[in-house]
Amino acid sequence: MREQDDLMRHGIGFTSERTRERLIKRLIEEGVSNPKVIDVLRRTPRHLFVDEALAHRAYEDTALPIGNNQTISQPFMVAHMSELLLEAGPLDKVLEIGTGSGYQTAILAQLVERVFSVERIKVLQDRAKERLTALNLRNVVFRWGDGCEGWPALAPYNGIIVTAVAPEVPQALLDQLAPGGRMVIPVGPTGETQQLMLIVREEHGFSRRVLGAVRFVPLLTGPLA
Ligand code: SAH
């Protein structure tokens, strides 16, 4: 744990403790309330998940570019989605679609037993892997592929989190949700109003809760890069 703490604080001189604490305060003001989620966001160095040139902006509550036309999610959204996943209690197996920078992955890895993370862009996945290794987060496995298909070989999952928007919830992901399992996913047309949804697998069918407007990059299909 001591070693983990040291790793998490790596580069702290770069961004002052005060800047980081300001972000945490803002997340709480915006309604984030799960103490475990807040603690993990406080401990995780977001500046290690963006280019050095953008590191000074890493503790702003905003999405930032990570190359390949993709973005690291806004801290509030990462906290909010994590909180929604954990609302009904601890989770052991979580499937993440859209690894991107690996920031959401790193947060989840500290909140659940095991994370299975799928990314379609190889270079982003490679970088995310390196970051998680450097932070000594070992309970994550990565897959390069089309997340619309989920990761059937290891299904079912108690939680599924999708960090890119789809016009509809992919059927494969619904199929891979365990009984009582929860999925947090943005749904809607690209670039227009998208809604964050919480889907729960009930005894008979699925319940759906609409949580409000959001903006995400699209969930893509087709050849991988
Ligand atoms: N949670 C990430 C968000 C990255 S943006 C972060 O905070 O860094 C969304 C990510 O989803 C991008 O990396 C994009 O390449 C990926 N993505 C888009 N469509 C996908 C698909 N069909 N399968 C897997 N990943 C996909």
# chains A, B, ... in the order shown; residues from 1 in each chain; ligands from 1

$ residues_near_ligand --ligand "ligand 1" --cutoff "7 Å" --atoms "only C-alpha atoms and all ligand atoms" --output "list in words"
Gln70, Thr71, Ile72, Ser73, Ile97, Gly98, Thr99, Gly100, Ser101, Gly102, Tyr103, Gln104, Thr105, Val118, Glu119, Arg120, Ile121, Leu124, Gly145, Asp146, Gly147, Cys148, Thr163, Ala164, Val217, Pro218, Leu219, Leu220 and Thr221 of chain A

$ closest_atom_pairs --of "range 34-120 of chain A" --to "range 17-28 of chain A" --cutoff "7 Å" --atoms "only C-alpha atoms" --output "Markdown table"
| residue | atom | partner | partner_atom | distance |
| --- | --- | --- | --- | --- |
| A:Arg42 | CA | A:Ile24 | CA | 6.5 |
| A:Tyr59 | CA | A:Arg20 | CA | 5.7 |
| A:Glu60 | CA | A:Leu23 | CA | 6.5 |
| A:Asp61 | CA | A:Leu23 | CA | 6.7 |
| A:Phe76 | CA | A:Leu27 | CA | 5.9 |

$ write_last_selection --atoms "all heavy atoms" --output "compact mmCIF listing (two decimals), in the first residue's frame"
# COMPACT_ATOMS: atom_id res chain seq x y z
N ARG A 42 -9.14 11.23 -5.87
CA ARG A 42 -8.15 12.07 -5.19
C ARG A 42 -6.74 11.47 -5.32
O ARG A 42 -5.77 12.18 -5.52
CB ARG A 42 -8.53 12.21 -3.71
CG ARG A 42 -7.61 13.10 -2.92
CD ARG A 42 -8.07 13.24 -1.48
NE ARG A 42 -9.07 14.28 -1.31
CZ ARG A 42 -10.24 14.12 -0.71
NH1 ARG A 42 -10.59 12.95 -0.22
NH2 ARG A 42 -11.07 15.13 -0.59
N TYR A 59 -6.15 18.70 -14.14
CA TYR A 59 -7.05 18.76 -12.99
C TYR A 59 -8.16 19.78 -13.19
O TYR A 59 -8.81 20.22 -12.24
CB TYR A 59 -6.26 18.97 -11.69
CG TYR A 59 -5.35 17.77 -11.50
CD1 TYR A 59 -4.03 17.79 -11.97
CD2 TYR A 59 -5.85 16.58 -10.98
CE1 TYR A 59 -3.24 16.67 -11.89
CE2 TYR A 59 -5.05 15.45 -10.89
CZ TYR A 59 -3.75 15.50 -11.35
OH TYR A 59 -2.98 14.38 -11.29
N GLU A 60 -8.41 20.12 -14.46
CA GLU A 60 -9.61 20.87 -14.79
C GLU A 60 -10.70 19.84 -15.03
O GLU A 60 -10.43 18.74 -15.49
CB GLU A 60 -9.39 21.69 -16.08
CG GLU A 60 -8.39 22.81 -15.89
CD GLU A 60 -8.09 23.54 -17.21
OE1 GLU A 60 -8.88 23.43 -18.17
OE2 GLU A 60 -7.05 24.21 -17.26
N ASP A 61 -11.94 20.22 -14.75
CA ASP A 61 -13.03 19.26 -14.94
C ASP A 61 -13.50 19.30 -16.39
O ASP A 61 -14.60 19.73 -16.70
CB ASP A 61 -14.20 19.57 -13.99
CG ASP A 61 -15.22 18.45 -14.00
OD1 ASP A 61 -14.86 17.32 -14.42
OD2 ASP A 61 -16.37 18.69 -13.61
N PHE A 76 -15.71 14.61 -13.83
CA PHE A 76 -17.05 14.46 -13.26
C PHE A 76 -17.76 13.24 -13.84
O PHE A 76 -18.38 12.46 -13.11
CB PHE A 76 -17.93 15.70 -13.49
CG PHE A 76 -19.35 15.46 -13.06
CD1 PHE A 76 -19.70 15.46 -11.72
CD2 PHE A 76 -20.34 15.16 -14.00
CE1 PHE A 76 -21.00 15.17 -11.31
CE2 PHE A 76 -21.65 14.86 -13.59
CZ PHE A 76 -21.98 14.88 -12.25

$ closest_atom_pairs --of "range 32-139 of chain A" --to "range 193-196 of chain A" --cutoff "12 Å" --atoms "only C-alpha atoms" --output "CSV"
residue,atom,partner,partner_atom,distance
A:Met77,CA,A:Leu196,CA,9.9
A:His80,CA,A:Leu196,CA,10.3
A:Met81,CA,A:Leu196,CA,8.9
A:Leu84,CA,A:Leu196,CA,10.6

$ select_by_dssp --residues "range 33-164 of chain A" --states "strand (DSSP E)" --output "list in words"
Leu64, Pro65, Ile66, Gly67, Gln70, Thr71, Ile72, Lys93, Val94, Leu95, Glu96, Ile97, Arg114, Val115, Phe116, Ser117, Val118, Glu119, Val140, Val141, Phe142, Arg143, Trp144, Tyr157, Asn158, Gly159, Ile160, Ile161 and Val162 of chain A

$ select_by_dssp --residues "range 19-220 of chain A" --states "helix (DSSP H, G or I)" --output "ChimeraX atom specification"
/A:19-29,35-43,46-49,52-57,75-86,103-109,122-134,147-149,152-154,171-175

$ residues_around --residues "Trp151 in chain A" --least-positions-apart "3" --cutoff "12 Å" --atoms "only C-alpha atoms" --output "list in words"
Lys93, Val94, Leu95, Glu96, Ile97, Val115, Phe116, Ser117, Val118, Glu119, Val141, Phe142, Arg143, Trp144, Gly145, Asp146, Gly147, Cys148, Leu154, Ala155, Pro156, Tyr157, Ile160, Ala172, Leu173, Leu174, Asp175, Gln176 and Leu177 of chain A

$ write_last_selection --atoms "N, CA, C and O atoms" --output "compact mmCIF listing (two decimals), in the first residue's frame"
# COMPACT_ATOMS: atom_id res chain seq x y z
N LYS A 93 -16.79 -8.29 -11.33
CA LYS A 93 -16.33 -8.31 -12.73
C LYS A 93 -16.94 -7.17 -13.53
O LYS A 93 -18.15 -7.12 -13.72
N VAL A 94 -16.10 -6.28 -14.01
CA VAL A 94 -16.61 -5.15 -14.79
C VAL A 94 -15.98 -5.14 -16.18
O VAL A 94 -14.76 -5.24 -16.33
N LEU A 95 -16.84 -5.00 -17.19
CA LEU A 95 -16.39 -4.87 -18.57
C LEU A 95 -16.44 -3.39 -18.95
O LEU A 95 -17.46 -2.73 -18.75
N GLU A 96 -15.32 -2.89 -19.46
CA GLU A 96 -15.26 -1.50 -19.90
C GLU A 96 -15.08 -1.47 -21.41
O GLU A 96 -14.18 -2.13 -21.93
N ILE A 97 -15.90 -0.68 -22.10
CA ILE A 97 -15.74 -0.53 -23.54
C ILE A 97 -15.20 0.87 -23.81
O ILE A 97 -15.83 1.87 -23.45
N VAL A 115 -11.19 -5.79 -13.82
CA VAL A 115 -11.68 -5.00 -14.95
C VAL A 115 -11.23 -5.65 -16.25
O VAL A 115 -10.06 -6.04 -16.40
N PHE A 116 -12.16 -5.75 -17.20
CA PHE A 116 -11.89 -6.27 -18.54
C PHE A 116 -12.13 -5.11 -19.48
O PHE A 116 -13.26 -4.62 -19.57
N SER A 117 -11.09 -4.64 -20.15
CA SER A 117 -11.23 -3.39 -20.90
C SER A 117 -10.94 -3.59 -22.38
O SER A 117 -9.89 -4.10 -22.76
N VAL A 118 -11.89 -3.16 -23.22
CA VAL A 118 -11.78 -3.35 -24.67
C VAL A 118 -11.57 -1.99 -25.35
O VAL A 118 -12.28 -1.03 -25.05
N GLU A 119 -10.59 -1.95 -26.26
CA GLU A 119 -10.30 -0.72 -27.02
C GLU A 119 -10.05 -1.10 -28.48
O GLU A 119 -9.42 -2.11 -28.76
N VAL A 141 -7.39 -6.69 -17.40
CA VAL A 141 -6.93 -7.33 -18.63
C VAL A 141 -7.49 -6.55 -19.81
O VAL A 141 -8.60 -6.01 -19.76
N PHE A 142 -6.68 -6.47 -20.85
CA PHE A 142 -7.01 -5.63 -22.00
C PHE A 142 -7.29 -6.50 -23.22
O PHE A 142 -6.69 -7.56 -23.39
N ARG A 143 -8.19 -6.01 -24.07
CA ARG A 143 -8.45 -6.70 -25.32
C ARG A 143 -8.52 -5.67 -26.43
O ARG A 143 -9.17 -4.62 -26.28
N TRP A 144 -7.83 -5.95 -27.51
CA TRP A 144 -7.91 -5.09 -28.68
C TRP A 144 -9.02 -5.64 -29.57
O TRP A 144 -8.92 -6.79 -30.02
N GLY A 145 -10.08 -4.87 -29.77
CA GLY A 145 -11.18 -5.38 -30.57
C GLY A 145 -12.36 -4.42 -30.60
O GLY A 145 -12.27 -3.29 -30.09
N ASP A 146 -13.44 -4.88 -31.21
CA ASP A 146 -14.65 -4.07 -31.31
C ASP A 146 -15.53 -4.31 -30.09
O ASP A 146 -16.11 -5.38 -29.93
N GLY A 147 -15.61 -3.29 -29.27
CA GLY A 147 -16.36 -3.39 -28.03
C GLY A 147 -17.85 -3.60 -28.22
O GLY A 147 -18.55 -3.98 -27.27
N CYS A 148 -18.37 -3.32 -29.42
CA CYS A 148 -19.80 -3.57 -29.67
C CYS A 148 -20.11 -5.05 -29.51
O CYS A 148 -21.25 -5.43 -29.27
N LEU A 154 -15.53 -14.21 -21.64
CA LEU A 154 -15.42 -14.05 -20.19
C LEU A 154 -16.72 -13.61 -19.52
O LEU A 154 -16.76 -13.36 -18.32
N ALA A 155 -17.80 -13.52 -20.31
CA ALA A 155 -19.10 -13.09 -19.78
C ALA A 155 -19.65 -14.15 -18.82
O ALA A 155 -19.23 -15.32 -18.90
N PRO A 156 -20.57 -13.84 -17.92
CA PRO A 156 -21.23 -12.53 -17.77
C PRO A 156 -20.47 -11.59 -16.82
O PRO A 156 -19.61 -12.01 -16.07
N TYR A 157 -20.86 -10.31 -16.89
CA TYR A 157 -20.25 -9.26 -16.07
C TYR A 157 -21.30 -8.67 -15.12
O TYR A 157 -22.46 -8.51 -15.50
N ILE A 160 -21.11 -3.21 -16.62
CA ILE A 160 -20.56 -2.86 -17.94
C ILE A 160 -20.59 -1.33 -18.04
O ILE A 160 -21.61 -0.71 -17.70
N ALA A 172 -25.19 -7.35 -27.91
CA ALA A 172 -24.18 -8.24 -27.31
C ALA A 172 -23.89 -7.83 -25.86
O ALA A 172 -23.65 -8.69 -25.00
N LEU A 173 -23.92 -6.53 -25.60
CA LEU A 173 -23.61 -6.07 -24.24
C LEU A 173 -24.75 -6.43 -23.29
O LEU A 173 -24.52 -6.85 -22.15
N LEU A 174 -25.99 -6.29 -23.75
CA LEU A 174 -27.14 -6.70 -22.93
C LEU A 174 -27.03 -8.19 -22.60
O LEU A 174 -27.22 -8.61 -21.47
N ASP A 175 -26.67 -8.97 -23.63
CA ASP A 175 -26.57 -10.43 -23.45
C ASP A 175 -25.50 -10.81 -22.43
O ASP A 175 -25.59 -11.86 -21.80
N GLN A 176 -24.46 -9.97 -22.29
CA GLN A 176 -23.33 -10.32 -21.43
C GLN A 176 -23.45 -9.78 -20.00
O GLN A 176 -22.52 -9.89 -19.20
N LEU A 177 -24.61 -9.19 -19.70
CA LEU A 177 -24.84 -8.66 -18.37
C LEU A 177 -25.38 -9.78 -17.47
O LEU A 177 -26.34 -10.47 -17.83

$ closest_residue --among "A:Val32, A:Ala128, A:Val37, A:Val78" --to "Phe49 in chain A" --atoms "only C-alpha atoms"
A:Ala128

$ closest_residue --among "A:Val214, A:Leu86, A:Ala106, A:Val169" --to "Gly181 in chain A" --atoms "only C-alpha atoms"
A:Leu86
